[in-house]
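Chemist: Next up, data_23.cif (mmCIF, C-alpha atoms).
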```cif
data_upload
#
loop_
_atom_site.label_atom_id
_atom_site.label_comp_id
_atom_site.auth_asym_id
_atom_site.auth_seq_id
_atom_site.Cartn_x
_atom_site.Cartn_y
_atom_site.Cartn_z
CA MET A 983 28.06 -23.74 15.06
CA ASP A 984 31.15 -23.61 12.84
CA LYS A 985 32.21 -20.56 10.86
CA LEU A 986 31.00 -21.93 7.50
CA GLU A 987 27.50 -22.56 8.85
CA PHE A 988 27.46 -19.07 10.37
CA ILE A 989 28.31 -17.58 6.97
CA GLN A 990 25.52 -19.56 5.24
CA ILE A 991 22.95 -18.47 7.84
CA ARG A 992 23.93 -14.80 7.67
CA ARG A 993 23.74 -14.84 3.87
CA PHE A 994 20.22 -16.24 4.05
CA ILE A 995 19.07 -13.73 6.67
CA LEU A 996 20.61 -10.86 4.73
CA ARG A 997 18.89 -11.81 1.47
CA LEU A 998 15.61 -12.54 3.27
CA GLY A 999 15.66 -9.14 4.96
CA LYS A 1000 16.33 -7.28 1.72
CA MET A 1001 13.53 -9.12 -0.06
CA LEU A 1002 10.97 -8.51 2.69
CA HIS A 1003 11.95 -4.85 2.71
CA LYS A 1004 11.50 -4.73 -1.06
CA TYR A 1005 7.96 -6.14 -0.70
CA GLY A 1006 6.84 -3.27 1.52
CA SER A 1007 6.90 -4.89 4.98
CA PRO A 1008 6.50 -2.37 7.85
CA SER A 1009 9.68 -1.96 9.89
CA PHE A 1010 8.30 -3.36 13.18
CA ARG A 1011 7.02 -6.50 11.43
CA LEU A 1012 10.20 -6.95 9.40
CA GLU A 1013 12.48 -6.59 12.42
CA ALA A 1014 10.39 -8.97 14.56
CA TYR A 1015 10.27 -11.58 11.79
CA LEU A 1016 14.02 -11.51 11.17
CA THR A 1017 14.65 -11.73 14.91
CA GLU A 1018 12.55 -14.92 15.05
CA ILE A 1019 14.56 -16.41 12.17
CA ALA A 1020 17.91 -15.54 13.76
CA THR A 1021 16.83 -16.90 17.16
CA HIS A 1022 15.79 -20.18 15.56
CA PHE A 1023 19.33 -20.63 14.22
CA GLY A 1024 20.84 -19.83 17.62
CA LEU A 1025 22.12 -16.40 16.66
CA HIS A 1026 21.94 -13.11 18.48
CA ALA A 1027 20.77 -10.32 16.22
CA SER A 1028 19.89 -6.67 16.01
CA PHE A 1029 17.96 -5.17 13.10
CA ASN A 1030 17.10 -1.62 12.12
CA SER A 1031 14.81 -1.01 9.17
CA THR A 1032 13.69 2.28 7.66
CA PRO A 1033 12.10 2.96 4.26
CA THR A 1034 15.57 3.66 2.79
CA THR A 1035 18.02 1.64 4.91
CA LEU A 1036 18.42 -1.84 6.36
CA THR A 1037 21.02 -2.53 9.05
CA ILE A 1038 21.75 -6.05 10.26
CA VAL A 1039 24.05 -7.13 13.11
CA LEU A 1040 24.57 -10.85 13.78
CA TRP A 1041 26.75 -12.72 16.27
CA SER A 1042 26.85 -16.09 18.00
CA ASP A 1043 28.00 -17.25 21.45
CA HIS A 1044 31.08 -18.91 20.00
CA HIS A 1045 32.22 -16.08 17.74
CA GLU A 1046 33.64 -12.89 19.16
CA ASP A 1047 33.39 -11.10 15.82
CA GLU A 1048 30.13 -9.45 14.86
CA TYR A 1049 28.80 -9.33 11.34
CA ASN A 1050 27.54 -5.86 10.43
CA HIS A 1051 25.75 -4.99 7.22
CA SER A 1052 24.10 -1.69 6.28
CA ALA A 1053 22.44 -1.27 2.89
CA ARG A 1054 20.86 1.68 1.13
CA MET A 1055 17.41 0.55 0.05
CA GLN A 1056 14.62 1.94 -2.09
CA PRO A 1057 11.16 2.24 -0.48
CA GLY A 1058 9.39 -1.06 -0.98
CA GLU A 1059 6.24 -1.74 -2.98
CA LEU A 1060 3.53 -4.22 -2.01
CA ASP A 1061 4.00 -7.62 -3.67
CA MET A 1062 1.79 -10.17 -1.91
CA ASN A 1063 2.77 -13.02 -4.24
CA SER A 1064 6.48 -12.78 -3.46
CA LEU A 1065 5.81 -12.02 0.22
CA SER A 1066 3.71 -15.17 0.57
CA ARG A 1067 6.22 -17.37 -1.25
CA THR A 1068 9.12 -15.99 0.78
CA ASP A 1069 7.28 -16.70 4.03
CA GLU A 1070 6.47 -20.25 2.88
CA LEU A 1071 10.14 -20.78 2.02
CA ALA A 1072 11.27 -19.60 5.45
CA PHE A 1073 8.72 -21.90 7.10
CA GLU A 1074 9.98 -24.91 5.11
CA LEU A 1075 13.56 -24.09 6.08
CA LEU A 1076 12.74 -23.79 9.77
CA SER A 1077 10.77 -27.05 9.56
CA GLY A 1078 13.81 -28.85 8.15
CA LYS A 1079 12.17 -29.63 4.79
CA ILE A 1080 14.88 -27.85 2.78
CA SER A 1081 18.52 -26.98 3.37
CA LEU A 1082 20.08 -23.55 3.63
CA ALA A 1083 21.64 -23.92 0.19
CA GLU A 1084 18.26 -24.79 -1.34
CA ALA A 1085 16.61 -21.89 0.48
CA ASN A 1086 19.15 -19.39 -0.87
CA THR A 1087 18.63 -20.71 -4.40
CA GLN A 1088 14.86 -20.47 -4.15
CA LEU A 1089 15.07 -16.94 -2.76
CA VAL A 1090 16.89 -15.89 -5.92
CA GLU A 1091 14.12 -17.49 -8.02
CA ILE A 1092 11.37 -15.72 -6.05
CA GLU A 1093 13.11 -12.36 -6.38
CA ALA A 1094 13.25 -12.72 -10.17
CA MET A 1095 9.61 -13.83 -10.40
CA PRO A 1096 7.39 -11.47 -12.48
CA SER A 1097 3.84 -10.49 -11.62
CA PRO A 1098 1.49 -13.49 -12.00
CA TYR A 1099 -1.07 -11.26 -13.76
CA GLY A 1100 1.00 -9.64 -16.51
CA LYS A 1101 1.08 -6.03 -17.66
CA SER A 1102 -2.17 -6.04 -19.64
CA LEU A 1103 -4.30 -7.44 -16.82
CA THR A 1104 -2.66 -5.08 -14.33
CA GLY A 1105 -3.50 -2.15 -16.62
CA VAL A 1106 -7.14 -3.24 -16.66
CA ALA A 1107 -6.99 -3.49 -12.86
CA PHE A 1108 -5.74 0.12 -12.66
CA SER A 1109 -8.66 1.37 -14.73
CA MET A 1110 -11.14 -0.78 -12.82
CA SER A 1111 -9.87 0.40 -9.44
CA THR A 1112 -9.98 4.09 -10.35
CA SER A 1113 -13.52 3.74 -11.70
CA ALA A 1114 -14.51 1.84 -8.57
CA PHE A 1115 -13.13 4.55 -6.32
CA SER A 1116 -15.11 7.22 -8.18
CA MET A 1117 -18.22 5.14 -7.46
CA LEU A 1118 -17.41 5.22 -3.75
CA MET A 1119 -16.95 9.01 -3.99
CA GLY A 1120 -20.47 9.45 -5.39
CA ALA A 1121 -19.52 10.22 -9.00
CA GLY A 1122 -21.85 10.04 -11.97
CA TRP A 1123 -21.59 7.50 -14.78
CA SER A 1124 -19.63 9.80 -17.10
CA GLU A 1125 -17.15 10.59 -14.32
CA ILE A 1126 -16.80 6.88 -13.55
CA ILE A 1127 -15.94 6.10 -17.18
CA TYR A 1128 -13.49 8.99 -17.58
CA SER A 1129 -11.80 8.12 -14.28
CA GLY A 1130 -11.12 4.64 -15.61
CA LEU A 1131 -9.66 5.99 -18.86
CA LEU A 1132 -7.37 8.42 -17.07
CA GLY A 1133 -6.44 5.70 -14.58
CA GLY A 1134 -5.14 3.69 -17.53
CA MET A 1135 -3.00 6.69 -18.46
CA VAL A 1136 -1.52 6.68 -14.95
CA TYR A 1137 -0.61 3.01 -15.40
CA PHE A 1138 1.23 3.94 -18.60
CA TRP A 1139 3.43 6.31 -16.57
CA THR A 1140 4.08 3.67 -13.90
CA LEU A 1141 5.25 1.25 -16.59
CA TRP A 1142 7.53 3.89 -18.06
CA ALA A 1143 8.90 4.64 -14.59
CA LEU A 1144 10.03 1.00 -14.29
CA ARG A 1145 12.21 1.46 -17.37
CA SER A 1146 13.44 5.01 -16.83
CA LYS A 1147 15.07 6.30 -13.65
CA ARG A 1148 14.38 9.88 -14.74
CA VAL A 1149 10.64 9.21 -15.15
CA ASN A 1150 10.59 7.32 -11.85
CA LEU A 1151 11.87 10.40 -10.02
CA MET A 1152 9.10 12.58 -11.50
CA LEU A 1153 6.32 9.96 -11.63
CA GLU A 1154 3.84 11.66 -9.27
CA PRO A 1155 3.93 15.21 -10.73
CA VAL A 1156 4.03 14.14 -14.39
CA ALA A 1157 1.22 11.60 -13.96
CA SER A 1158 -0.98 14.08 -12.09
CA PHE A 1159 -0.17 16.84 -14.61
CA THR A 1160 -1.29 14.59 -17.48
CA VAL A 1161 -4.46 13.62 -15.64
CA GLY A 1162 -5.29 17.24 -14.73
CA PHE A 1163 -4.81 18.52 -18.26
CA GLY A 1164 -6.66 15.52 -19.73
CA ALA A 1165 -9.63 16.07 -17.41
CA CYS A 1166 -9.91 19.71 -18.54
CA ALA A 1167 -9.74 18.68 -22.20
CA ILE A 1168 -12.40 15.99 -21.76
CA ASN A 1169 -14.69 18.39 -19.90
CA HIS A 1170 -14.28 21.04 -22.62
CA TYR A 1171 -15.20 18.73 -25.48
CA SER A 1172 -17.87 16.66 -23.69
CA SER A 1173 -21.53 17.55 -23.98
CA SER A 1174 -22.18 17.48 -20.22
CA GLY A 1175 -19.96 19.01 -17.53
CA PHE A 1176 -18.59 17.12 -14.56
CA ASN A 1177 -16.49 17.53 -11.42
CA ILE A 1178 -12.93 17.83 -12.75
CA TRP A 1179 -11.21 17.48 -9.39
CA LEU A 1180 -13.22 14.39 -8.49
CA ILE A 1181 -12.06 12.72 -11.72
CA ILE A 1182 -8.47 13.74 -11.01
CA LEU A 1183 -8.58 12.34 -7.48
CA SER A 1184 -10.16 9.07 -8.63
CA SER A 1185 -7.66 8.66 -11.47
CA LEU A 1186 -4.69 9.21 -9.13
CA ILE A 1187 -6.00 7.22 -6.16
CA ILE A 1188 -3.50 4.36 -6.68
CA LEU A 1189 -0.67 6.87 -6.23
CA VAL A 1190 -2.25 8.76 -3.31
CA PRO A 1191 -0.21 7.71 -0.24
CA GLY A 1192 -3.03 7.07 2.23
CA LEU A 1193 -1.73 3.58 3.00
CA SER A 1194 1.80 4.92 3.56
CA LEU A 1195 0.46 7.48 6.02
CA THR A 1196 -1.33 4.77 7.98
CA MET A 1197 1.73 2.48 7.98
CA GLY A 1198 3.92 5.36 9.13
CA LEU A 1199 1.63 6.13 12.05
CA ALA A 1200 1.50 2.43 12.93
CA GLU A 1201 5.30 2.39 13.04
CA LEU A 1202 5.33 5.47 15.26
CA SER A 1203 2.84 3.81 17.60
CA SER A 1204 5.19 0.81 17.87
CA ARG A 1205 8.08 3.16 18.83
CA ASN A 1206 9.85 2.82 15.47
CA MET A 1207 10.46 6.56 15.45
CA VAL A 1208 12.92 6.93 12.58
CA SER A 1209 11.07 4.62 10.21
CA GLY A 1210 7.64 6.02 11.08
CA THR A 1211 8.72 9.64 10.71
CA SER A 1212 10.46 8.90 7.41
CA ARG A 1213 7.42 7.12 6.00
CA VAL A 1214 5.01 9.87 7.05
CA MET A 1215 7.22 12.61 5.58
CA ASP A 1216 7.65 10.62 2.35
CA ALA A 1217 3.87 10.25 2.09
CA ILE A 1218 3.38 13.98 2.63
CA MET A 1219 5.92 14.81 -0.08
CA GLN A 1220 4.21 12.38 -2.49
CA LEU A 1221 0.91 14.10 -1.75
CA PHE A 1222 2.42 17.53 -2.45
CA LYS A 1223 3.92 16.33 -5.73
CA LEU A 1224 0.61 14.83 -6.83
CA TYR A 1225 -1.30 17.98 -6.03
CA PHE A 1226 1.25 20.30 -7.65
CA GLY A 1227 1.21 18.31 -10.88
CA ALA A 1228 -2.60 18.26 -10.97
CA PHE A 1229 -2.83 21.97 -10.14
CA LEU A 1230 -0.36 22.79 -12.92
CA GLY A 1231 -2.25 20.61 -15.41
CA VAL A 1232 -5.59 22.16 -14.54
CA SER A 1233 -4.14 25.68 -14.70
CA LEU A 1234 -2.79 25.03 -18.20
CA GLY A 1235 -6.12 23.47 -19.16
CA TYR A 1236 -7.98 26.55 -17.97
CA GLN A 1237 -5.68 28.74 -20.06
CA LEU A 1238 -6.31 26.71 -23.22
CA PHE A 1239 -9.95 25.71 -22.75
CA GLY A 1240 -11.25 28.47 -20.50
CA GLN A 1241 -12.34 28.47 -16.86
CA GLN A 1242 -14.71 25.58 -16.18
CA GLU A 1243 -17.23 25.41 -13.38
CA LEU A 1244 -17.43 22.31 -11.21
CA ALA A 1245 -20.62 20.40 -12.00
CA MET A 1246 -22.00 18.12 -9.32
CA ALA A 1247 -22.97 14.64 -10.52
CA ALA A 1248 -26.42 13.18 -10.00
CA THR A 1249 -26.65 10.85 -7.01
CA LEU A 1250 -26.52 7.17 -7.98
CA PRO A 1251 -28.32 4.32 -6.14
CA PHE A 1252 -26.65 2.95 -3.00
CA TRP A 1253 -26.00 -0.44 -4.61
CA VAL A 1254 -23.46 1.28 -6.88
CA ASN A 1255 -21.22 1.67 -3.82
CA TRP A 1256 -21.18 -2.08 -3.26
CA MET A 1257 -20.44 -2.67 -6.93
CA GLY A 1258 -17.57 -0.24 -6.50
CA VAL A 1259 -16.25 -2.22 -3.53
CA LEU A 1260 -16.36 -5.41 -5.60
CA MET A 1261 -14.58 -3.80 -8.54
CA LEU A 1262 -11.96 -2.24 -6.26
CA SER A 1263 -11.28 -5.51 -4.43
CA VAL A 1264 -10.85 -7.39 -7.72
CA GLY A 1265 -8.61 -4.68 -9.16
CA LEU A 1266 -6.38 -4.68 -6.08
CA VAL A 1267 -5.73 -8.39 -6.55
CA ALA A 1268 -3.65 -7.67 -9.66
CA ILE A 1269 -2.17 -4.41 -8.37
CA PHE A 1270 -0.96 -6.06 -5.14
CA ARG A 1271 -0.04 -9.28 -7.02
CA THR A 1272 -2.07 -11.46 -4.68
CA ARG A 1273 -1.78 -15.24 -5.13
CA ILE A 1274 -4.83 -17.00 -6.54
CA LYS A 1275 -5.36 -19.11 -3.42
CA HIS A 1276 -5.56 -15.96 -1.29
CA VAL A 1277 -7.94 -14.03 -3.56
CA PRO A 1278 -11.22 -15.04 -1.80
CA TRP A 1279 -9.77 -13.96 1.54
CA ALA A 1280 -8.54 -10.66 0.08
CA ILE A 1281 -11.91 -9.82 -1.48
CA ALA A 1282 -13.72 -10.77 1.72
CA SER A 1283 -11.45 -8.47 3.76
CA THR A 1284 -12.41 -5.52 1.56
CA PHE A 1285 -16.12 -6.16 2.05
CA ILE A 1286 -15.70 -6.68 5.80
CA ALA A 1287 -13.74 -3.44 6.23
CA TYR A 1288 -16.15 -1.37 4.15
CA GLY A 1289 -19.34 -3.03 5.43
CA VAL A 1290 -18.48 -2.83 9.12
CA SER A 1291 -17.19 0.75 8.90
CA THR A 1292 -20.30 1.86 6.97
CA TRP A 1293 -22.64 0.13 9.41
CA SER A 1294 -20.89 1.49 12.51
CA SER A 1295 -20.74 5.02 11.05
CA GLY A 1296 -24.52 5.08 11.45
CA PHE A 1297 -24.20 5.50 15.21
CA LEU A 1298 -20.58 6.70 15.62
CA GLU A 1299 -19.61 10.24 14.68
CA ASN A 1300 -16.48 12.00 13.40
CA GLY A 1301 -15.07 9.08 11.44
CA LEU A 1302 -14.90 6.70 14.42
CA GLY A 1303 -16.59 4.06 12.29
CA ALA A 1304 -13.11 3.48 10.84
CA PHE A 1305 -12.03 2.18 14.26
CA VAL A 1306 -14.67 -0.56 14.21
CA GLY A 1307 -13.87 -1.35 10.57
CA ALA A 1308 -10.14 -1.59 11.29
CA PHE A 1309 -10.80 -3.75 14.36
CA ALA A 1310 -12.95 -6.18 12.35
CA LEU A 1311 -10.37 -6.20 9.56
CA GLY A 1312 -7.53 -6.87 11.98
CA VAL A 1313 -9.35 -9.78 13.61
CA PHE A 1314 -10.17 -11.25 10.19
CA ALA A 1315 -6.58 -10.81 8.94
CA ASN A 1316 -5.12 -12.51 12.03
CA LEU A 1317 -7.68 -15.31 11.71
CA PHE A 1318 -6.57 -15.74 8.11
CA SER A 1319 -2.96 -15.95 9.28
CA ARG A 1320 -3.82 -18.69 11.77
CA ILE A 1321 -5.89 -20.77 9.33
CA VAL A 1322 -3.79 -20.42 6.17
CA ASN A 1323 -0.40 -20.04 7.89
CA ALA A 1324 0.42 -16.93 5.86
CA PRO A 1325 1.25 -13.30 6.74
CA SER A 1326 -1.80 -11.34 7.87
CA THR A 1327 -0.52 -8.41 5.77
CA ILE A 1328 -1.71 -10.20 2.64
CA VAL A 1329 -5.39 -9.57 3.37
CA ALA A 1330 -5.04 -6.62 5.77
CA MET A 1331 -3.68 -4.31 3.06
CA HIS A 1332 -6.66 -5.01 0.79
CA GLY A 1333 -9.14 -4.01 3.48
CA LEU A 1334 -7.17 -0.97 4.61
CA ILE A 1335 -7.40 0.55 1.14
CA VAL A 1336 -11.13 1.29 1.58
CA LEU A 1337 -10.52 2.71 5.08
CA VAL A 1338 -7.44 4.93 4.75
CA PRO A 1339 -8.24 8.65 4.37
CA GLY A 1340 -5.77 9.38 1.59
CA SER A 1341 -8.50 10.85 -0.56
CA LYS A 1342 -9.70 13.11 2.27
CA THR A 1343 -6.13 14.33 2.79
CA TYR A 1344 -6.02 15.27 -0.89
CA ILE A 1345 -9.45 16.93 -0.67
CA GLY A 1346 -8.34 18.94 2.36
CA LEU A 1347 -5.17 20.07 0.58
CA ASN A 1348 -7.20 21.14 -2.45
CA SER A 1349 -9.70 23.06 -0.30
CA PHE A 1350 -6.89 24.80 1.57
CA ILE A 1351 -5.03 25.93 -1.58
CA SER A 1352 -7.76 26.53 -4.17
CA GLY A 1353 -10.72 27.20 -1.91
CA GLN A 1354 -12.82 24.74 -3.95
CA ASP A 1355 -14.47 21.67 -2.44
CA ILE A 1356 -14.21 18.50 -4.53
CA ILE A 1357 -17.10 17.13 -2.51
CA LYS A 1358 -18.96 18.74 0.37
CA VAL A 1359 -17.33 17.49 3.59
CA ASP A 1360 -17.38 19.40 6.87
CA HIS A 1361 -14.32 19.43 9.18
CA ILE A 1362 -12.23 17.47 6.68
CA GLY A 1363 -8.95 17.93 8.58
CA GLN A 1364 -10.35 16.81 11.91
CA GLU A 1365 -12.06 13.80 10.35
CA THR A 1366 -8.91 12.76 8.46
CA PHE A 1367 -6.84 12.86 11.66
CA LEU A 1368 -9.44 10.87 13.61
CA ILE A 1369 -9.67 8.23 10.89
CA LEU A 1370 -5.89 7.78 10.84
CA MET A 1371 -5.79 7.40 14.63
CA SER A 1372 -8.83 5.11 14.55
CA LEU A 1373 -7.20 2.79 12.01
CA VAL A 1374 -4.03 2.42 14.08
CA ALA A 1375 -5.99 1.89 17.30
CA GLY A 1376 -8.35 -0.61 15.66
CA LEU A 1377 -5.47 -2.76 14.41
CA ILE A 1378 -3.75 -2.64 17.81
CA PHE A 1379 -6.93 -3.75 19.60
CA ALA A 1380 -7.42 -6.52 17.03
CA ASN A 1381 -3.92 -7.87 17.74
CA VAL A 1382 -4.84 -8.06 21.43
CA VAL A 1383 -8.15 -9.87 20.85
CA MET A 1384 -6.88 -12.17 18.08
CA PRO A 1385 -3.06 -12.38 18.20
CA THR A 1386 -1.34 -13.38 14.99
CA ARG A 1387 1.03 -16.33 14.85
CA LYS A 1388 3.36 -14.61 12.40
CA ALA A 1389 5.28 -11.38 12.81
CA LEU A 1390 4.63 -10.40 9.18
#
```
As structure tokens, what does this structure read like?

Modeler:
Amino acid sequence: MDKLEFIQIRRFILRLGKMLHKYGSPSFRLEAYLTEIATHFGLHASFNSTPTTLTIVLWSDHHEDEYNHSARMQPGELDMNSLSRTDELAFELLSGKISLAEANTQLVEIEAMPSPYGKSLTGVAFSMSTSAFSMLMGAGWSEIIYSGLLGGMVYFWTLWALRSKRVNLMLEPVASFTVGFGACAINHYSSSGFNIWLIILSSLIILVPGLSLTMGLAELSSRNMVSGTSRVMDAIMQLFKLYFGAFLGVSLGYQLFGQQELAMAATLPFWVNWMGVLMLSVGLVAIFRTRIKHVPWAIASTFIAYGVSTWSSGFLENGLGAFVGAFALGVFANLFSRIVNAPSTIVAMHGLIVLVPGSKTYIGLNSFISGQDIIKVDHIGQETFLILMSLVAGLIFANVVMPTRKAL
């Protein structure tokens, strides 16, 4: 390997690593994937990824000098379209179908690629997903509708955050403040009362970091201590910011509109839950920017995760049904990876959304601070912890039973 070829390879690996980090890849998967790429090119490599840094060290047998690169990164966001295309590009390069120069050019094109669904459709997906989550939480029809409307307001703030660094820094508290105050105003002027905190939780569910908590614990279980700890602490801080903003908005709403009692919604038929799962799975397609050819798999993963966990919860106590759901989801995601030759993360993240206990973490925080229960749940802290552990264990067991062919 001459020096020019070494430079071309390191440029590709560097750009590939930054892009995969940007698309929200967990550290243990990102490091393993980049190691496979470097080994294929005959390079020795060492990688260290955290939510805010990426360090790359490359060297070859015939070069005494090492190449070191450390970059300050922003925490990544899930982009299944770009993740899939980047993985396909790397596979074509390793198969000899394209050259290194072509691969670098196409990486630039993928990085500049916008969402395949556009802003309007993504906004509809936000509203649909928040309404769907309120269905799964046992809300009434009025709460379902208002959750969707306030979810659209949250999407407005996320769009503004993309354009303004100042808004991006205060996205969680300002979005939750707006939702909390808006829920109080709607409840004051509506003819029938409803559960304000349930609407707030449903409207903010896209921002609630339940998935980040699960990914952080998964990284800790794989001995990625720095990355896992950083991700867990970041998720906790996001949760605090969301709750503070909502609490401030509700407090101001109570001052202007008067203290409002929490009204429990009438119980809806069980089939509404399955309609909620369908709406949530469809909404997540646009939010996660899933490619059209992967949509059926993504929707199926959501139904498998929810269906298996609900069924197993009938004879398993204390949230252990999440273990069976995560195991089934992991097996399905790895099977998808083998059949389609794509990262298992693409479908796994869709299914995990209905399993992660982000909402229960928020409910527990609200009960601890305000003393009010959004919904009646006993031993919320214990159940949340068990679900988190069950999800990690279920995915680990699934990787043993059905190993994936790709590190991502």

Chemist: Pick from A:Phe1138, A:Phe1239, A:Phe1073, A:Phe1163: nearest to Tyr1015 (chain A), with only C-alpha atoms counted?

Modeler: A:Phe1073

Chemist: With the cut-off set at 12 Å and counting only C-alpha atoms, tabulate each residue of region 1176-1204 of chain A with an atom at most that distance from an atom of region 1370-1389 of chain A, showing the nearest atom pair and its distance in Å to one decimal, ordered by chain and increasing number, as JSON lines.

Modeler:
```
{"residue": "A:Gly1192", "atom": "CA", "partner": "A:Leu1370", "partner_atom": "CA", "distance": 9.1}
{"residue": "A:Leu1193", "atom": "CA", "partner": "A:Leu1370", "partner_atom": "CA", "distance": 9.8}
{"residue": "A:Ser1194", "atom": "CA", "partner": "A:Leu1370", "partner_atom": "CA", "distance": 11.0}
{"residue": "A:Leu1195", "atom": "CA", "partner": "A:Leu1370", "partner_atom": "CA", "distance": 8.0}
{"residue": "A:Thr1196", "atom": "CA", "partner": "A:Leu1370", "partner_atom": "CA", "distance": 6.2}
{"residue": "A:Met1197", "atom": "CA", "partner": "A:Val1374", "partner_atom": "CA", "distance": 8.4}
{"residue": "A:Gly1198", "atom": "CA", "partner": "A:Val1374", "partner_atom": "CA", "distance": 9.8}
{"residue": "A:Leu1199", "atom": "CA", "partner": "A:Val1374", "partner_atom": "CA", "distance": 7.1}
{"residue": "A:Ala1200", "atom": "CA", "partner": "A:Val1374", "partner_atom": "CA", "distance": 5.6}
{"residue": "A:Glu1201", "atom": "CA", "partner": "A:Val1374", "partner_atom": "CA", "distance": 9.4}
{"residue": "A:Leu1202", "atom": "CA", "partner": "A:Val1374", "partner_atom": "CA", "distance": 9.9}
{"residue": "A:Ser1203", "atom": "CA", "partner": "A:Val1374", "partner_atom": "CA", "distance": 7.8}
{"residue": "A:Ser1204", "atom": "CA", "partner": "A:Ile1378", "partner_atom": "CA", "distance": 9.6}
```

Chemist: Restricting the calculation to all atoms listed in the file, which member of A:Cys1166, A:Ala1310, A:Leu1238, A:Val1190 is positioned closest to Ser1294 (chain A)?

Modeler: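 Result for the nearest residue to Ser1294 (chain A): A:Ala1310.
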
Chemist: For a quick check of understanding, using all atoms listed in the file, which of A:Trp1142, A:Trp1041, A:Phe1159, A:Phe1029 has the smallest distance to Leu1234 (chain A)?

Modeler: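 When distances to Leu1234 (chain A) are compared using all atoms listed in the file, the smallest one comes from A:Phe1159.
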
Chemist: Given the choices A:Asn1050, A:Phe994, A:Val1214, A:Arg1205, which gets closest to Thr1087 (chain A) if the distance is worked out from only C-alpha atoms?

Modeler: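 Nearest candidate to Thr1087 (chain A) out of A:Asn1050, A:Phe994, A:Val1214, A:Arg1205: A:Phe994.
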
Chemist: Env of region 1323-1326 of chain A: 12 Å cut, atoms = all atoms listed in the file, seq-sep filter 2 positions within chain, self excluded. Answer as a PyMOL selection string.

Modeler: chain A and resi 1002+1007+1011-1012+1015+1062-1074+1273+1275-1276+1279-1280+1283+1311-1321+1328-1333+1377+1380-1381+1384-1390

Chemist: For the residues in the current selection, export C-alpha atoms as a tab-separated table (two decimals), keeping the file's coordinate frame.

Modeler:
```tsv
chain	number	residue	atom	x	y	z
A	1002	LEU	CA	10.97	-8.51	2.69
A	1007	SER	CA	6.90	-4.89	4.98
A	1011	ARG	CA	7.02	-6.50	11.43
A	1012	LEU	CA	10.20	-6.95	9.40
A	1015	TYR	CA	10.27	-11.58	11.79
A	1062	MET	CA	1.79	-10.17	-1.91
A	1063	ASN	CA	2.77	-13.02	-4.24
A	1064	SER	CA	6.48	-12.78	-3.46
A	1065	LEU	CA	5.81	-12.02	0.22
A	1066	SER	CA	3.71	-15.17	0.57
A	1067	ARG	CA	6.22	-17.37	-1.25
A	1068	THR	CA	9.12	-15.99	0.78
A	1069	ASP	CA	7.28	-16.70	4.03
A	1070	GLU	CA	6.47	-20.25	2.88
A	1071	LEU	CA	10.14	-20.78	2.02
A	1072	ALA	CA	11.27	-19.60	5.45
A	1073	PHE	CA	8.72	-21.90	7.10
A	1074	GLU	CA	9.98	-24.91	5.11
A	1273	ARG	CA	-1.78	-15.24	-5.13
A	1275	LYS	CA	-5.36	-19.11	-3.42
A	1276	HIS	CA	-5.56	-15.96	-1.29
A	1279	TRP	CA	-9.77	-13.96	1.54
A	1280	ALA	CA	-8.54	-10.66	0.08
A	1283	SER	CA	-11.45	-8.47	3.76
A	1311	LEU	CA	-10.37	-6.20	9.56
A	1312	GLY	CA	-7.53	-6.87	11.98
A	1313	VAL	CA	-9.35	-9.78	13.61
A	1314	PHE	CA	-10.17	-11.25	10.19
A	1315	ALA	CA	-6.58	-10.81	8.94
A	1316	ASN	CA	-5.12	-12.51	12.03
A	1317	LEU	CA	-7.68	-15.31	11.71
A	1318	PHE	CA	-6.57	-15.74	8.11
A	1319	SER	CA	-2.96	-15.95	9.28
A	1320	ARG	CA	-3.82	-18.69	11.77
A	1321	ILE	CA	-5.89	-20.77	9.33
A	1328	ILE	CA	-1.71	-10.20	2.64
A	1329	VAL	CA	-5.39	-9.57	3.37
A	1330	ALA	CA	-5.04	-6.62	5.77
A	1331	MET	CA	-3.68	-4.31	3.06
A	1332	HIS	CA	-6.66	-5.01	0.79
A	1333	GLY	CA	-9.14	-4.01	3.48
A	1377	LEU	CA	-5.47	-2.76	14.41
A	1380	ALA	CA	-7.42	-6.52	17.03
A	1381	ASN	CA	-3.92	-7.87	17.74
A	1384	MET	CA	-6.88	-12.17	18.08
A	1385	PRO	CA	-3.06	-12.38	18.20
A	1386	THR	CA	-1.34	-13.38	14.99
A	1387	ARG	CA	1.03	-16.33	14.85
A	1388	LYS	CA	3.36	-14.61	12.40
A	1389	ALA	CA	5.28	-11.38	12.81
A	1390	LEU	CA	4.63	-10.40	9.18
```

Chemist: Hey, which bits of region 1155-1214 of chain A sit within 10 Å of region 1222-1229 of chain A, and for each residue what's the closest pair of atoms and how far apart in Å (one decimal), counting only C-alpha atoms, rows by chain and increasing number, as CSV?

Modeler:
```
residue,atom,partner,partner_atom,distance
A:Pro1155,CA,A:Gly1227,CA,4.1
A:Val1156,CA,A:Gly1227,CA,6.1
A:Ala1157,CA,A:Gly1227,CA,7.4
A:Ser1158,CA,A:Ala1228,CA,4.6
A:Phe1159,CA,A:Gly1227,CA,4.2
A:Thr1160,CA,A:Ala1228,CA,7.6
A:Val1161,CA,A:Ala1228,CA,6.8
A:Gly1162,CA,A:Ala1228,CA,4.7
A:Phe1163,CA,A:Ala1228,CA,7.6
A:Ala1165,CA,A:Ala1228,CA,9.8
A:Trp1179,CA,A:Ala1228,CA,8.8
A:Ile1182,CA,A:Ala1228,CA,7.4
A:Leu1183,CA,A:Ala1228,CA,9.1
A:Leu1186,CA,A:Leu1224,CA,8.1
A:Leu1189,CA,A:Leu1224,CA,8.1
A:Val1190,CA,A:Leu1224,CA,7.6
A:Pro1191,CA,A:Leu1224,CA,9.7
```
